[in-house]
Amino acid sequence: MGISSLDLSSVFGILGNIISFFVCLAPVPTFVRIYKRKSSEGYQSIPYVIALFSAMLWIYYAMIKKNVMIMITINTFSFVIQIFYISFYLFYAPKKEKTLTVKFVLFVDVLAFGLIFFLTYFLLQGKKRVQVLGYICMVFSLCVFVAPLGIIRKVIKTRSAEFMPFGLSFFLTLSAVMWFVYGLLLNDMNIALPNVLGFIFGVLQMIIYLIYKKPGTEVLEPPGINLQEISEIVVDVDVGIDTCKVENHGLM
């Protein structure tokens with residue numbers, strides 16, 4: 001008896017969940033360092049706020065679409081752990097960064113998501129609602145996968161891969177493959193298409209790492225992004241910012 005595409009999609013969905021679970025835990029060493037320093041100064045909270053927004057979007061999409069329920073598990077885990085990361089960051093953050101982080105959470109995770117929820121849930125019905133929400137999730141995921149361009153540019157400019165962890169790039173690429181196949185088997189291009197870009201950028205990161213990796217060099221953490229500058233950009237252009245992938249591209 002042959003294996004149905006639905007059964008195969010479940011297998012790849014489970015594999016995607018497992019890999020994404022470990023990717024979500026990648027920032028833990030950062031928070032261990034924050035705990036030891038008793039300060040989150042120099043680190044950024046933006047990736048975790050965006051990852052929380054991503055998890056909320058995909059949970060909403062999975063609940064509306066219904067046949068992609070397996071996505072709820074990893075995104076629920078991501079939702080919970082992002083709240084933990086943000087809370088932990090706020091506890092040790094200086095007053096200025098704490099205020100900016102709270103404002104960003106309110107702007108992205110409350111206002112932006114609330115607006116999307118209101119417009120899609122109350123103004124759209126049936127397949128149209130799923131279609132529009134799927135497009136929103138797809139566009140957001142595509143933007144997330146473009147995030148590595150910054151670190152790739154930094155590596156090429158400095159001719160050093162010290163800020164680019166190969167292991168993380170490898171597992172992000174593997175995760176993209178699993179979710180691409182999962183979306184393809186379900187004929188859901190909103191899930192499949194963004195992961196094509198994720199795979200391409202993942203492979204590109206690993207190639208660049210191998211080119212610029214210097215023997216004996218440890219992977220370091222780059223300086224934190226200035227939250228004040230980012231918040232001003234967000235307010236000026238009035239633009240809202242894939243789950244675990246966001247936080248790790250922003251972190252490393």
# chains A, B, ... in the order shown; residues from 1 in each chain; ligands from 1
$ residues_around --residues "segment 202-210 of chain A" --least-positions-apart "4" --cutoff "6 Å" --atoms "only C-alpha atoms" --output "PyMOL selection string"
chain A and resi 161+169+173+198
$ write_last_selection --atoms "C-alpha atoms" --output "CSV table (one decimal), in the first residue's frame"
chain,number,residue,atom,x,y,z
A,161,ALA,CA,33.0,34.5,9.5
A,169,SER,CA,22.9,28.2,9.3
A,173,THR,CA,18.5,25.5,6.0
A,198,GLY,CA,15.2,30.4,3.1
$ atom_distance --atom1 "atom CA of Lys157 of chain A" --atom2 "atom CA of Ile211 of chain A"
12.8 Å
$ atom_distance --atom1 "atom CA of Ser39 of chain A" --atom2 "atom CA of Val102 of chain A"
16.8 Å
$ atom_distance --atom1 "atom CA of Val139 of chain A" --atom2 "atom CA of Val23 of chain A"
21.5 Å
$ residues_around --residues "segment 54-64 of chain A" --least-positions-apart "4" --cutoff "7 Å" --atoms "only C-alpha atoms" --output "MDAnalysis selection string"
chainID A and resid 50 68:69 71:72 75:76 78:79 130 133:134 137 242:243
$ select_by_dssp --residues "segment 1-203 of chain A" --states "alpha helix (DSSP H)" --output "PyMOL selection string"
chain A and resi 5-24+28-37+46-65+70-92+95-105+113-123+126-146+148-158+166-185+189-203
$ closest_atom_pairs --of "segment 162-211 of chain A" --to "segment 26-35 of chain A" --cutoff "12 Å" --atoms "only C-alpha atoms" --output "CSV"
residue,atom,partner,partner_atom,distance
A:Pro165,CA,A:Ala26,CA,10.7
A:Gly167,CA,A:Ala26,CA,10.2
A:Leu168,CA,A:Ala26,CA,7.8
A:Ser169,CA,A:Ala26,CA,11.2
A:Phe171,CA,A:Ala26,CA,10.5
A:Leu172,CA,A:Ala26,CA,10.8
$ write_last_selection --atoms "N, CA, C and O atoms" --output "compact mmCIF listing (two decimals), in the first residue's frame"
# COMPACT_ATOMS: atom_id res chain seq x y z
N PRO A 165 27.54 31.61 12.75
CA PRO A 165 27.64 30.22 13.21
C PRO A 165 27.18 29.23 12.15
O PRO A 165 26.04 29.29 11.70
N GLY A 167 26.65 25.95 12.35
CA GLY A 167 25.64 25.01 12.82
C GLY A 167 24.24 25.57 12.73
O GLY A 167 23.30 24.90 12.28
N LEU A 168 24.09 26.83 13.13
CA LEU A 168 22.77 27.46 13.08
C LEU A 168 22.30 27.61 11.65
O LEU A 168 21.14 27.34 11.32
N SER A 169 23.21 28.03 10.76
CA SER A 169 22.87 28.18 9.34
C SER A 169 22.44 26.83 8.75
O SER A 169 21.50 26.75 7.97
N PHE A 171 21.09 24.18 10.33
CA PHE A 171 19.79 23.73 10.82
C PHE A 171 18.65 24.62 10.31
O PHE A 171 17.53 24.14 10.11
N LEU A 172 18.92 25.90 10.10
CA LEU A 172 17.91 26.77 9.51
C LEU A 172 17.62 26.35 8.07
O LEU A 172 16.48 26.38 7.62
$ residues_around --residues "segment 178-192 of chain A" --least-positions-apart "6" --cutoff "6 Å" --atoms "only C-alpha atoms" --output "list in words"
Ser5, Ser9, Phe12, Gly13, Gly16, Gly134 and Met138 of chain A
